file run_0.tsv (TSV, C-alpha atoms (C1' of nucleotides))
chain	number	residue	atom	x	y	z
V	439	MET	CA	-63.68	60.85	25.32
V	440	ASP	CA	-61.96	64.22	25.26
V	441	LYS	CA	-62.67	64.47	28.95
V	442	GLU	CA	-60.97	61.17	29.57
V	443	ILE	CA	-57.91	62.09	27.53
V	444	ASN	CA	-57.63	65.36	29.36
V	445	HIS	CA	-57.86	63.60	32.65
V	446	ILE	CA	-55.22	61.01	31.82
V	447	LEU	CA	-52.76	63.66	30.74
V	448	LYS	CA	-53.35	65.93	33.71
V	449	ARG	CA	-53.20	63.08	36.19
V	450	ASN	CA	-49.73	62.42	34.88
V	451	GLN	CA	-48.61	66.03	34.96
V	452	LEU	CA	-48.40	66.33	31.22
V	453	SER	CA	-49.59	69.42	29.46
V	454	VAL	CA	-52.46	68.87	27.06
V	455	THR	CA	-51.10	69.32	23.57
V	456	GLU	CA	-52.42	68.44	20.17
V	457	SER	CA	-50.05	65.57	19.49
V	458	ARG	CA	-50.50	63.95	22.88
V	459	THR	CA	-54.25	64.19	22.56
V	460	ARG	CA	-54.23	62.72	19.07
V	461	ILE	CA	-51.95	59.83	19.94
V	462	LEU	CA	-53.85	58.97	23.12
V	463	GLU	CA	-57.02	59.05	21.05
V	464	LEU	CA	-55.50	56.46	18.72
V	465	PHE	CA	-54.72	54.15	21.60
V	466	LEU	CA	-58.14	54.56	23.17
V	467	SER	CA	-60.02	53.96	19.94
V	468	LEU	CA	-58.03	50.81	19.35
V	469	ASN	CA	-58.07	47.82	21.61
V	470	GLY	CA	-54.65	46.59	20.63
V	471	ALA	CA	-51.08	47.64	20.44
V	472	LEU	CA	-49.38	50.01	18.06
V	473	ALA	CA	-45.86	50.10	16.74
V	474	HIS	CA	-44.13	53.38	16.27
V	475	GLY	CA	-44.56	53.02	12.54
V	476	ASP	CA	-48.32	52.57	12.82
V	477	ILE	CA	-48.64	55.75	14.79
V	478	GLU	CA	-46.50	57.64	12.36
V	479	LYS	CA	-48.69	56.49	9.49
V	480	LYS	CA	-51.95	57.29	11.25
V	481	ALA	CA	-50.96	60.58	12.80
V	482	GLY	CA	-47.64	61.33	11.20
V	483	GLU	CA	-48.93	63.63	8.51
V	484	LYS	CA	-49.83	66.11	11.16
V	485	PHE	CA	-46.85	65.62	13.42
V	486	ASP	CA	-43.16	65.32	13.03
V	487	ARG	CA	-41.53	61.94	13.46
V	488	VAL	CA	-39.54	63.30	16.35
V	489	THR	CA	-42.70	64.40	18.13
V	490	VAL	CA	-44.10	60.88	17.94
V	491	TYR	CA	-40.92	59.48	19.44
V	492	ARG	CA	-40.95	61.99	22.24
V	493	THR	CA	-44.65	61.60	22.94
V	494	LEU	CA	-44.34	57.83	23.21
V	495	GLN	CA	-41.29	58.22	25.44
V	496	SER	CA	-43.13	60.51	27.83
V	497	PHE	CA	-46.15	58.17	27.91
V	498	LEU	CA	-43.78	55.33	28.73
V	499	ASP	CA	-42.06	57.32	31.46
V	500	LYS	CA	-45.38	58.16	33.06
V	501	GLY	CA	-46.69	54.63	32.81
V	502	ILE	CA	-49.57	55.50	30.50
V	503	ILE	CA	-48.44	52.90	27.99
V	504	HIS	CA	-46.18	49.88	28.19
V	505	SER	CA	-43.99	48.31	25.55
V	506	ILE	CA	-44.34	44.81	24.21
V	507	PRO	CA	-41.26	43.12	22.83
V	508	THR	CA	-41.89	41.02	19.75
V	509	ALA	CA	-39.77	38.63	17.77
V	510	ASP	CA	-39.72	40.80	14.66
V	511	ASN	CA	-37.78	43.59	16.29
V	512	SER	CA	-40.58	46.09	16.20
V	513	ILE	CA	-41.66	47.22	19.64
V	514	ARG	CA	-45.38	47.68	20.12
V	515	TYR	CA	-47.00	49.94	22.66
V	516	ALA	CA	-50.30	49.48	24.45
V	517	LEU	CA	-52.27	51.38	27.04
V	518	CYS	CA	-51.82	50.32	30.63
V	519	LYS	CA	-55.25	49.36	31.88
V	520	ASP	CA	-54.45	49.73	35.54
V	521	ASN	CA	-52.79	52.79	36.89
V	522	CYS	CA	-49.17	52.01	36.51
V	523	SER	CA	-47.12	54.24	38.71
V	524	GLU	CA	-44.21	56.10	37.22
V	525	GLY	CA	-41.43	53.74	36.24
V	526	HIS	CA	-43.14	50.77	37.76
V	527	HIS	CA	-45.40	48.76	35.57
V	528	HIS	CA	-47.48	45.88	36.68
V	529	ASP	CA	-48.85	44.66	33.42
V	530	ASN	CA	-48.62	41.00	34.25
V	531	HIS	CA	-50.75	39.87	31.40
V	532	ILE	CA	-49.97	37.94	28.27
V	533	HIS	CA	-49.57	39.58	24.90
V	534	PHE	CA	-50.86	37.93	21.79
V	535	VAL	CA	-49.49	38.62	18.31
V	536	CYS	CA	-51.55	37.39	15.38
V	537	LYS	CA	-49.47	35.97	12.57
V	538	ILE	CA	-52.24	36.58	10.06
V	539	CYS	CA	-53.40	40.13	10.62
V	540	GLY	CA	-50.41	41.27	12.62
V	541	THR	CA	-52.35	42.89	15.44
V	542	THR	CA	-51.14	42.67	18.99
V	543	THR	CA	-53.67	42.20	21.75
V	544	CYS	CA	-53.36	42.45	25.50
V	545	LEU	CA	-54.98	39.39	27.05
V	546	ASP	CA	-55.69	41.11	30.33
V	547	GLU	CA	-57.59	38.19	31.70
V	548	VAL	CA	-54.73	35.73	31.31
V	549	HIS	CA	-52.14	36.13	34.02
V	550	ILE	CA	-48.58	35.03	33.60
V	551	PRO	CA	-48.01	31.83	35.58
V	552	ALA	CA	-45.25	31.76	38.16
V	553	VAL	CA	-41.97	30.15	37.22
V	554	LYS	CA	-39.08	28.99	39.34
V	555	LEU	CA	-35.67	30.20	38.26
V	556	PRO	CA	-32.42	28.32	38.83
V	557	GLY	CA	-30.45	29.29	41.94
V	558	GLY	CA	-28.84	32.70	41.83
V	559	PHE	CA	-31.16	34.28	39.32
V	560	LYS	CA	-33.34	37.07	40.62
V	561	MET	CA	-36.49	37.98	38.74
V	562	GLN	CA	-37.55	41.59	38.35
V	563	GLN	CA	-39.78	41.52	35.33
V	564	ILE	CA	-41.44	38.94	33.19
V	565	GLU	CA	-42.80	39.06	29.66
V	566	MET	CA	-44.84	36.49	27.84
V	567	VAL	CA	-45.73	36.77	24.20
V	568	VAL	CA	-47.86	34.21	22.46
V	569	SER	CA	-48.25	34.22	18.71
V	570	GLY	CA	-50.71	32.40	16.51
V	571	MET	CA	-54.15	33.13	15.18
V	572	CYS	CA	-56.40	35.64	16.87
V	573	LYS	CA	-60.10	35.41	17.56
V	574	ASP	CA	-61.12	37.47	14.56
V	575	CYS	CA	-58.94	35.70	12.02
V	576	ASN	CA	-60.07	32.34	13.36
V	577	LYS	CA	-63.65	33.13	12.42
V	578	LYS	CA	-62.91	33.77	8.77
L	1087	MET	CA	-14.45	22.09	17.99
L	1088	ASP	CA	-13.64	22.63	14.34
L	1089	LYS	CA	-15.06	19.20	13.65
L	1090	GLU	CA	-18.31	20.15	15.36
L	1091	ILE	CA	-18.62	23.41	13.44
L	1092	ASN	CA	-17.97	21.62	10.20
L	1093	HIS	CA	-20.59	19.08	11.03
L	1094	ILE	CA	-23.25	21.63	11.95
L	1095	LEU	CA	-22.75	23.53	8.72
L	1096	LYS	CA	-22.73	20.47	6.52
L	1097	ARG	CA	-25.74	18.98	8.21
L	1098	ASN	CA	-27.60	22.10	7.22
L	1099	GLN	CA	-26.38	22.15	3.66
L	1100	LEU	CA	-24.31	25.26	4.15
L	1101	SER	CA	-20.88	25.56	2.64
L	1102	VAL	CA	-18.07	25.96	5.15
L	1103	THR	CA	-16.79	29.49	4.84
L	1104	GLU	CA	-14.58	31.61	7.03
L	1105	SER	CA	-17.30	33.91	8.30
L	1106	ARG	CA	-19.75	31.15	9.10
L	1107	THR	CA	-17.07	29.22	10.93
L	1108	ARG	CA	-15.99	32.27	12.92
L	1109	ILE	CA	-19.51	33.25	13.91
L	1110	LEU	CA	-20.50	29.73	14.88
L	1111	GLU	CA	-17.32	29.57	16.94
L	1112	LEU	CA	-18.44	32.67	18.81
L	1113	PHE	CA	-21.78	31.12	19.65
L	1114	LEU	CA	-20.24	27.82	20.74
L	1115	SER	CA	-17.61	29.43	22.95
L	1116	LEU	CA	-20.27	31.50	24.66
L	1117	ASN	CA	-23.13	30.09	26.63
L	1118	GLY	CA	-25.42	33.01	26.08
L	1119	ALA	CA	-27.01	35.05	23.38
L	1120	LEU	CA	-25.48	37.61	21.08
L	1121	ALA	CA	-26.94	40.70	19.48
L	1122	HIS	CA	-25.99	41.60	15.97
L	1123	GLY	CA	-23.86	44.40	17.35
L	1124	ASP	CA	-21.89	42.08	19.63
L	1125	ILE	CA	-21.01	39.86	16.73
L	1126	GLU	CA	-19.98	42.79	14.61
L	1127	LYS	CA	-17.65	43.99	17.35
L	1128	LYS	CA	-16.11	40.60	17.99
L	1129	ALA	CA	-15.81	39.47	14.41
L	1130	GLY	CA	-16.61	42.59	12.45
L	1131	GLU	CA	-13.07	43.69	11.82
L	1132	LYS	CA	-12.60	40.69	9.63
L	1133	PHE	CA	-16.01	40.67	8.00
L	1134	ASP	CA	-18.31	43.13	6.42
L	1135	ARG	CA	-21.44	44.20	8.27
L	1136	VAL	CA	-23.53	42.81	5.46
L	1137	THR	CA	-21.90	39.41	5.75
L	1138	VAL	CA	-22.81	39.23	9.42
L	1139	TYR	CA	-26.44	40.04	8.60
L	1140	ARG	CA	-26.55	37.41	5.90
L	1141	THR	CA	-24.81	34.78	7.96
L	1142	LEU	CA	-27.22	35.26	10.85
L	1143	GLN	CA	-30.14	35.14	8.47
L	1144	SER	CA	-29.04	31.84	6.98
L	1145	PHE	CA	-28.46	30.37	10.44
L	1146	LEU	CA	-31.96	31.47	11.38
L	1147	ASP	CA	-33.43	29.96	8.23
L	1148	LYS	CA	-31.75	26.65	8.89
L	1149	GLY	CA	-32.72	26.58	12.55
L	1150	ILE	CA	-29.14	26.68	13.84
L	1151	ILE	CA	-29.91	29.71	15.96
L	1152	HIS	CA	-33.11	31.27	17.26
L	1153	SER	CA	-33.95	34.85	18.03
L	1154	ILE	CA	-34.91	36.19	21.42
L	1155	PRO	CA	-37.09	39.27	21.60
L	1156	THR	CA	-36.10	41.74	24.27
L	1157	ALA	CA	-37.67	44.84	25.66
L	1158	ASP	CA	-34.93	47.15	24.44
L	1159	ASN	CA	-35.58	46.42	20.80
L	1160	SER	CA	-32.31	44.66	20.19
L	1161	ILE	CA	-32.83	41.11	19.07
L	1162	ARG	CA	-30.44	38.56	20.47
L	1163	TYR	CA	-29.57	35.26	18.87
L	1164	ALA	CA	-28.67	32.00	20.54
L	1165	LEU	CA	-27.81	28.51	19.42
L	1166	CYS	CA	-30.61	26.01	19.28
L	1167	LYS	CA	-29.59	23.21	21.57
L	1168	ASP	CA	-31.87	20.62	20.09
L	1169	ASN	CA	-32.03	20.04	16.40
L	1170	CYS	CA	-34.56	22.54	15.27
L	1171	SER	CA	-35.84	21.60	11.89
L	1172	GLU	CA	-35.86	24.19	9.18
L	1173	GLY	CA	-38.40	26.87	9.88
L	1174	HIS	CA	-39.77	25.09	12.88
L	1175	HIS	CA	-38.25	25.90	16.23
L	1176	HIS	CA	-39.07	24.22	19.45
L	1177	ASP	CA	-37.04	26.20	21.88
L	1178	ASN	CA	-39.58	26.11	24.63
L	1179	HIS	CA	-37.29	27.41	27.30
L	1180	ILE	CA	-37.19	30.68	29.15
L	1181	HIS	CA	-34.77	33.45	28.27
L	1182	PHE	CA	-33.18	35.53	30.96
L	1183	VAL	CA	-31.85	39.05	30.40
L	1184	CYS	CA	-29.60	40.50	33.09
L	1185	LYS	CA	-30.24	44.17	33.75
L	1186	ILE	CA	-26.75	44.63	35.20
L	1187	CYS	CA	-24.37	43.00	32.76
L	1188	GLY	CA	-26.75	42.83	29.84
L	1189	THR	CA	-26.12	39.21	28.97
L	1190	THR	CA	-28.92	36.99	27.78
L	1191	THR	CA	-29.01	33.38	28.92
L	1192	CYS	CA	-31.08	30.45	27.76
L	1193	LEU	CA	-32.49	28.71	30.81
L	1194	ASP	CA	-32.82	25.38	29.06
L	1195	GLU	CA	-33.88	23.63	32.22
L	1196	VAL	CA	-36.87	25.87	32.86
L	1197	HIS	CA	-39.79	25.01	30.63
L	1198	ILE	CA	-42.50	27.46	29.80
L	1199	PRO	CA	-45.64	26.62	31.75
L	1200	ALA	CA	-48.83	25.98	29.84
L	1201	VAL	CA	-51.37	28.78	29.60
L	1202	LYS	CA	-54.97	28.75	28.61
L	1203	LEU	CA	-55.97	31.30	26.02
L	1204	PRO	CA	-59.43	32.86	25.73
L	1205	GLY	CA	-61.80	31.22	23.26
L	1206	GLY	CA	-60.93	31.67	19.62
L	1207	PHE	CA	-57.23	32.27	20.06
L	1208	LYS	CA	-54.97	29.60	18.64
L	1209	MET	CA	-51.42	29.33	19.94
L	1210	GLN	CA	-48.56	28.57	17.59
L	1211	GLN	CA	-45.55	29.87	19.43
L	1212	ILE	CA	-44.75	31.13	22.88
L	1213	GLU	CA	-41.97	33.30	24.20
L	1214	MET	CA	-41.09	34.04	27.78
L	1215	VAL	CA	-38.43	36.54	28.74
L	1216	VAL	CA	-37.50	37.15	32.34
L	1217	SER	CA	-35.26	40.04	33.27
L	1218	GLY	CA	-33.47	40.74	36.51
L	1219	MET	CA	-30.11	39.86	37.98
L	1220	CYS	CA	-28.18	36.86	36.73
L	1221	LYS	CA	-26.25	34.28	38.73
L	1222	ASP	CA	-22.88	35.91	38.17
L	1223	CYS	CA	-23.94	39.46	39.01
L	1224	ASN	CA	-25.71	38.21	42.12
L	1225	LYS	CA	-22.42	36.95	43.55
L	1226	LYS	CA	-20.61	40.28	43.35
G	85	DA	C1'	-57.73	88.33	29.81
G	86	DC	C1'	-52.95	89.08	29.40
G	87	DA	C1'	-48.08	88.85	30.13
G	88	DT	C1'	-44.63	85.76	31.47
G	89	DA	C1'	-42.25	81.45	32.33
G	90	DA	C1'	-41.83	76.74	31.20
G	91	DT	C1'	-42.63	73.16	28.18
G	92	DT	C1'	-43.19	71.27	23.68
G	93	DT	C1'	-42.72	71.23	18.80
G	94	DG	C1'	-40.56	71.13	14.13
G	95	DC	C1'	-36.55	71.51	11.60
G	96	DA	C1'	-32.06	70.20	10.32
G	97	DA	C1'	-28.39	67.57	10.79
G	98	DC	C1'	-26.68	63.49	12.23
G	99	DA	C1'	-25.87	58.48	13.81
G	100	DA	C1'	-27.14	53.86	13.71
G	101	DA	C1'	-29.35	49.85	11.75
G	102	DG	C1'	-30.72	47.25	7.97
G	103	DT	C1'	-31.29	46.25	2.72
G	104	DT	C1'	-30.09	45.57	-2.24
G	105	DG	C1'	-27.48	44.93	-6.71
G	106	DC	C1'	-23.45	43.62	-8.61
G	107	DA	C1'	-18.71	42.27	-9.64
G	108	DA	C1'	-14.97	39.70	-7.57
G	109	DA	C1'	-13.53	35.93	-4.62
G	110	DC	C1'	-14.22	31.58	-2.76
G	111	DG	C1'	-15.91	26.64	-1.86
G	112	DG	C1'	-17.34	22.32	-3.62
G	113	DT	C1'	-17.36	18.94	-7.32
G	114	DT	C1'	-15.64	16.39	-11.07
U	103	DA	C1'	-6.92	22.20	-12.30
U	104	DA	C1'	-11.08	23.94	-14.11
U	105	DC	C1'	-15.67	24.70	-13.77
U	106	DC	C1'	-20.09	26.28	-11.65
U	107	DG	C1'	-22.77	27.90	-8.00
U	108	DT	C1'	-22.52	30.22	-3.74
U	109	DT	C1'	-20.80	33.71	-0.81
U	110	DT	C1'	-18.45	37.96	0.08
U	111	DG	C1'	-17.36	42.96	0.07
U	112	DC	C1'	-18.35	47.27	-1.68
U	113	DA	C1'	-21.20	51.15	-2.63
U	114	DA	C1'	-25.30	53.23	-2.47
U	115	DC	C1'	-29.49	53.60	-0.35
U	116	DT	C1'	-33.61	53.30	2.98
U	117	DT	C1'	-35.30	53.15	7.46
U	118	DT	C1'	-35.08	54.04	12.25
U	119	DG	C1'	-33.78	56.62	16.04
U	120	DT	C1'	-31.23	60.78	18.38
U	121	DT	C1'	-29.79	65.65	19.49
U	122	DG	C1'	-29.51	70.86	19.63
U	123	DC	C1'	-31.84	74.84	18.97
U	124	DA	C1'	-35.08	78.47	17.68
U	125	DA	C1'	-40.03	79.15	17.25
U	126	DA	C1'	-44.57	77.98	18.79
U	127	DT	C1'	-47.63	76.42	22.23
U	128	DT	C1'	-49.31	75.55	26.95
U	129	DA	C1'	-49.71	76.56	31.76
U	130	DT	C1'	-49.57	80.00	35.53
U	131	DG	C1'	-49.96	84.22	38.31
U	132	DT	C1'	-52.06	88.50	38.49
call {"tool": "encode", "arguments": {"input": "run_0.tsv", "output": "structure tokens"}}
result
Amino acid sequence: MDKEINHILKRNQLSVTESRTRILELFLSLNGALAHGDIEKKAGEKFDRVTVYRTLQSFLDKGIIHSIPTADNSIRYALCKDNCSEGHHHDNHIHFVCKICGTTTCLDEVHIPAVKLPGGFKMQQIEMVVSGMCKDCNKK
Amino acid sequence: MDKEINHILKRNQLSVTESRTRILELFLSLNGALAHGDIEKKAGEKFDRVTVYRTLQSFLDKGIIHSIPTADNSIRYALCKDNCSEGHHHDNHIHFVCKICGTTTCLDEVHIPAVKLPGGFKMQQIEMVVSGMCKDCNKK
DNA sequence: ACATAATTTGCAACAAAGTTGCAAACGGTT
DNA sequence: AACCGTTTGCAACTTTGTTGCAAATTATGT
């Protein structure tokens, strides 16, 4: 695990620091998405708020994580599974937000279907967020 | 126009006040979406910031407007074209955010395609946001 | 392994965004 | 016109996000 974290950081020309390691660890141990607030709560006692902001920003810049817009105005972040190149994501999968437990999941296996825009509109990026009840909450 | 505004408010059991009228006017005169900040700038000299928040909230509650999540963490609001019942929206159209001019448009004519979720997931709501270059910016 | 250069961190101060309680003003009803 | 319930504006506050700078940490060359 430490090896993997090290590798991810170095591959992206980021120096291996305590906060980056810790935050990456959080993402790897979790299979979902995290909001800034979550990270602050889980790692914020050790690190300054500002550090969390800056760490997330650098991960975003390098394409290690991607952001997921949600209707409640709290951006979530999740690991990019593929190797997203710097500044160019290709996370064309659907995001699922559970209304019960609040977790956000990347449905990597579900691709976003193609849509046809009206004349004149030029698509650069597409986001699809489905909300409802997740697998785990459905069982209970 | 005033007649229409009056009607919308009364239909939703909201009293007709200056701020509600003004803000509804803004939405009706514009064919796109507005962020809280936009509204504050365009109507905020007359009204308190708090009033704008509360007005938007009551419009949301009544289903007069709906919110559009965007990647930059600034929620936009747009009029519901159909009659959304209270608490239950059915704005199944795509939203388009222009990266040049920043405007958000409801593409009412483009419906969100159906997707199949993995087993166990139950869909309640779906959001699709496309970003790129809008019709107007494409011309220039 | 150590000194040095470059990056990163934490702090403080600040700006922006959003919330709450309460008294005054306003809208709707009779 | 007078009454009652709703809405507004104000003030104070919390939360969220940003910036500059000195101190600490990480990477690099020898």
call {"tool": "atom_distance", "arguments": {"input": "run_0.tsv", "atom1": "CA of Leu1120 in chain L", "atom2": "CA of Arg1162 in chain L"}}
result
5.1 Å
call {"tool": "calpha_fit_and_write", "arguments": {"input": "run_0.tsv", "fixed": "chain V", "moving": "chain L", "output": "mmCIF file with C-alpha atoms, keeping the file's coordinate frame"}}
result
data_model
loop_
_atom_site.group_PDB
_atom_site.id
_atom_site.type_symbol
_atom_site.label_atom_id
_atom_site.label_comp_id
_atom_site.auth_asym_id
_atom_site.auth_seq_id
_atom_site.Cartn_x
_atom_site.Cartn_y
_atom_site.Cartn_z
ATOM 1 C CA MET L 1087 -63.640 60.751 25.523
ATOM 2 C CA ASP L 1088 -61.963 64.135 25.434
ATOM 3 C CA LYS L 1089 -62.606 64.408 29.145
ATOM 4 C CA GLU L 1090 -60.865 61.090 29.738
ATOM 5 C CA ILE L 1091 -57.844 62.055 27.653
ATOM 6 C CA ASN L 1092 -57.579 65.337 29.465
ATOM 7 C CA HIS L 1093 -57.740 63.575 32.763
ATOM 8 C CA ILE L 1094 -55.075 61.009 31.903
ATOM 9 C CA LEU L 1095 -52.656 63.688 30.778
ATOM 10 C CA LYS L 1096 -53.236 65.943 33.741
ATOM 11 C CA ARG L 1097 -53.004 63.112 36.205
ATOM 12 C CA ASN L 1098 -49.544 62.482 34.862
ATOM 13 C CA GLN L 1099 -48.452 66.083 34.935
ATOM 14 C CA LEU L 1100 -48.304 66.374 31.181
ATOM 15 C CA SER L 1101 -49.566 69.451 29.427
ATOM 16 C CA VAL L 1102 -52.462 68.853 27.058
ATOM 17 C CA THR L 1103 -51.153 69.316 23.555
ATOM 18 C CA GLU L 1104 -52.533 68.416 20.170
ATOM 19 C CA SER L 1105 -50.151 65.563 19.472
ATOM 20 C CA ARG L 1106 -50.529 63.949 22.865
ATOM 21 C CA THR L 1107 -54.290 64.167 22.616
ATOM 22 C CA ARG L 1108 -54.317 62.686 19.118
ATOM 23 C CA ILE L 1109 -52.011 59.812 19.986
ATOM 24 C CA LEU L 1110 -53.845 58.960 23.183
ATOM 25 C CA GLU L 1111 -57.059 59.014 21.171
ATOM 26 C CA LEU L 1112 -55.574 56.426 18.833
ATOM 27 C CA PHE L 1113 -54.722 54.126 21.705
ATOM 28 C CA LEU L 1114 -58.128 54.524 23.344
ATOM 29 C CA SER L 1115 -60.075 53.907 20.147
ATOM 30 C CA LEU L 1116 -58.089 50.755 19.510
ATOM 31 C CA ASN L 1117 -58.056 47.763 21.767
ATOM 32 C CA GLY L 1118 -54.658 46.563 20.723
ATOM 33 C CA ALA L 1119 -51.087 47.644 20.487
ATOM 34 C CA LEU L 1120 -49.447 50.023 18.071
ATOM 35 C CA ALA L 1121 -45.944 50.120 16.671
ATOM 36 C CA HIS L 1122 -44.229 53.414 16.182
ATOM 37 C CA GLY L 1123 -44.756 53.045 12.459
ATOM 38 C CA ASP L 1124 -48.511 52.557 12.811
ATOM 39 C CA ILE L 1125 -48.813 55.743 14.779
ATOM 40 C CA GLU L 1126 -46.737 57.650 12.290
ATOM 41 C CA LYS L 1127 -48.995 56.489 9.474
ATOM 42 C CA LYS L 1128 -52.218 57.271 11.283
ATOM 43 C CA ALA L 1129 -51.182 60.551 12.817
ATOM 44 C CA GLY L 1130 -47.901 61.301 11.116
ATOM 45 C CA GLU L 1131 -49.244 63.599 8.460
ATOM 46 C CA LYS L 1132 -50.086 66.083 11.132
ATOM 47 C CA PHE L 1133 -47.048 65.573 13.322
ATOM 48 C CA ASP L 1134 -43.366 65.283 12.881
ATOM 49 C CA ARG L 1135 -41.708 61.898 13.282
ATOM 50 C CA VAL L 1136 -39.675 63.275 16.139
ATOM 51 C CA THR L 1137 -42.780 64.397 17.984
ATOM 52 C CA VAL L 1138 -44.201 60.892 17.828
ATOM 53 C CA TYR L 1139 -40.978 59.478 19.283
ATOM 54 C CA ARG L 1140 -40.974 62.015 22.072
ATOM 55 C CA THR L 1141 -44.639 61.627 22.848
ATOM 56 C CA LEU L 1142 -44.318 57.857 23.123
ATOM 57 C CA GLN L 1143 -41.262 58.249 25.294
ATOM 58 C CA SER L 1144 -43.043 60.540 27.723
ATOM 59 C CA PHE L 1145 -46.039 58.200 27.870
ATOM 60 C CA LEU L 1146 -43.653 55.362 28.640
ATOM 61 C CA ASP L 1147 -41.910 57.374 31.338
ATOM 62 C CA LYS L 1148 -45.189 58.205 33.003
ATOM 63 C CA GLY L 1149 -46.505 54.661 32.791
ATOM 64 C CA ILE L 1150 -49.431 55.533 30.518
ATOM 65 C CA ILE L 1151 -48.342 52.939 27.998
ATOM 66 C CA HIS L 1152 -46.080 49.902 28.154
ATOM 67 C CA SER L 1153 -43.936 48.309 25.511
ATOM 68 C CA ILE L 1154 -44.330 44.797 24.200
ATOM 69 C CA PRO L 1155 -41.294 43.031 22.810
ATOM 70 C CA THR L 1156 -41.940 41.020 19.687
ATOM 71 C CA ALA L 1157 -39.916 38.584 17.694
ATOM 72 C CA ASP L 1158 -39.758 40.765 14.604
ATOM 73 C CA ASN L 1159 -37.854 43.521 16.331
ATOM 74 C CA SER L 1160 -40.632 46.053 16.152
ATOM 75 C CA ILE L 1161 -41.699 47.190 19.573
ATOM 76 C CA ARG L 1162 -45.396 47.690 20.078
ATOM 77 C CA TYR L 1163 -46.971 49.947 22.654
ATOM 78 C CA ALA L 1164 -50.244 49.510 24.478
ATOM 79 C CA LEU L 1165 -52.168 51.391 27.111
ATOM 80 C CA CYS L 1166 -51.686 50.327 30.681
ATOM 81 C CA LYS L 1167 -55.101 49.380 31.932
ATOM 82 C CA ASP L 1168 -54.308 49.721 35.586
ATOM 83 C CA ASN L 1169 -52.610 52.764 36.939
ATOM 84 C CA CYS L 1170 -48.991 51.971 36.492
ATOM 85 C CA SER L 1171 -46.932 54.198 38.671
ATOM 86 C CA GLU L 1172 -44.062 56.066 37.148
ATOM 87 C CA GLY L 1173 -41.287 53.730 36.165
ATOM 88 C CA HIS L 1174 -42.958 50.751 37.707
ATOM 89 C CA HIS L 1175 -45.229 48.698 35.512
ATOM 90 C CA HIS L 1176 -47.313 45.823 36.631
ATOM 91 C CA ASP L 1177 -48.780 44.645 33.404
ATOM 92 C CA ASN L 1178 -48.621 41.000 34.244
ATOM 93 C CA HIS L 1179 -50.761 39.861 31.383
ATOM 94 C CA ILE L 1180 -49.959 37.931 28.259
ATOM 95 C CA HIS L 1181 -49.515 39.593 24.891
ATOM 96 C CA PHE L 1182 -50.777 37.947 21.762
ATOM 97 C CA VAL L 1183 -49.376 38.645 18.295
ATOM 98 C CA CYS L 1184 -51.417 37.447 15.329
ATOM 99 C CA LYS L 1185 -49.295 36.042 12.529
ATOM 100 C CA ILE L 1186 -52.045 36.682 9.976
ATOM 101 C CA CYS L 1187 -53.224 40.224 10.560
ATOM 102 C CA GLY L 1188 -50.264 41.363 12.600
ATOM 103 C CA THR L 1189 -52.242 42.930 15.409
ATOM 104 C CA THR L 1190 -51.057 42.695 18.976
ATOM 105 C CA THR L 1191 -53.611 42.206 21.729
ATOM 106 C CA CYS L 1192 -53.310 42.444 25.480
ATOM 107 C CA LEU L 1193 -54.958 39.396 27.000
ATOM 108 C CA ASP L 1194 -55.697 41.126 30.274
ATOM 109 C CA GLU L 1195 -57.635 38.179 31.591
ATOM 110 C CA VAL L 1196 -54.785 35.708 31.221
ATOM 111 C CA HIS L 1197 -52.221 36.079 33.965
ATOM 112 C CA ILE L 1198 -48.669 34.946 33.590
ATOM 113 C CA PRO L 1199 -48.126 31.739 35.535
ATOM 114 C CA ALA L 1200 -45.431 31.667 38.175
ATOM 115 C CA VAL L 1201 -42.101 30.091 37.296
ATOM 116 C CA LYS L 1202 -39.278 28.950 39.458
ATOM 117 C CA LEU L 1203 -35.860 30.191 38.466
ATOM 118 C CA PRO L 1204 -32.603 28.327 39.103
ATOM 119 C CA GLY L 1205 -30.705 29.304 42.242
ATOM 120 C CA GLY L 1206 -29.122 32.725 42.192
ATOM 121 C CA PHE L 1207 -31.404 34.295 39.629
ATOM 122 C CA LYS L 1208 -33.618 37.073 40.908
ATOM 123 C CA MET L 1209 -36.737 37.972 38.951
ATOM 124 C CA GLN L 1210 -37.786 41.580 38.549
ATOM 125 C CA GLN L 1211 -39.960 41.519 35.481
ATOM 126 C CA ILE L 1212 -41.566 38.929 33.282
ATOM 127 C CA GLU L 1213 -42.834 39.052 29.738
ATOM 128 C CA MET L 1214 -44.850 36.469 27.893
ATOM 129 C CA VAL L 1215 -45.668 36.778 24.221
ATOM 130 C CA VAL L 1216 -47.800 34.225 22.451
ATOM 131 C CA SER L 1217 -48.113 34.276 18.692
ATOM 132 C CA GLY L 1218 -50.563 32.476 16.466
ATOM 133 C CA MET L 1219 -53.988 33.216 15.072
ATOM 134 C CA CYS L 1220 -56.262 35.719 16.761
ATOM 135 C CA LYS L 1221 -59.991 35.477 17.408
ATOM 136 C CA ASP L 1222 -60.964 37.551 14.394
ATOM 137 C CA CYS L 1223 -58.731 35.785 11.879
ATOM 138 C CA ASN L 1224 -59.905 32.422 13.178
ATOM 139 C CA LYS L 1225 -63.477 33.210 12.141
ATOM 140 C CA LYS L 1226 -62.680 33.899 8.495
#
call {"tool": "interface_residues", "arguments": {"input": "run_0.tsv", "of": "chain V", "to": "chain G", "cutoff": "9 Å", "atoms": "all atoms listed in the file", "output": "MDAnalysis selection string"}}
result
chainID V and resid 453 455 485:486 488:489
call {"tool": "atom_distance", "arguments": {"input": "run_0.tsv", "atom1": "CA of Ala481 in chain V", "atom2": "CA of Arg460 in chain V"}}
result
7.4 Å
call {"tool": "atom_distance", "arguments": {"input": "run_0.tsv", "atom1": "CA of Leu462 in chain V", "atom2": "CA of Thr493 in chain V"}}
result
9.6 Å
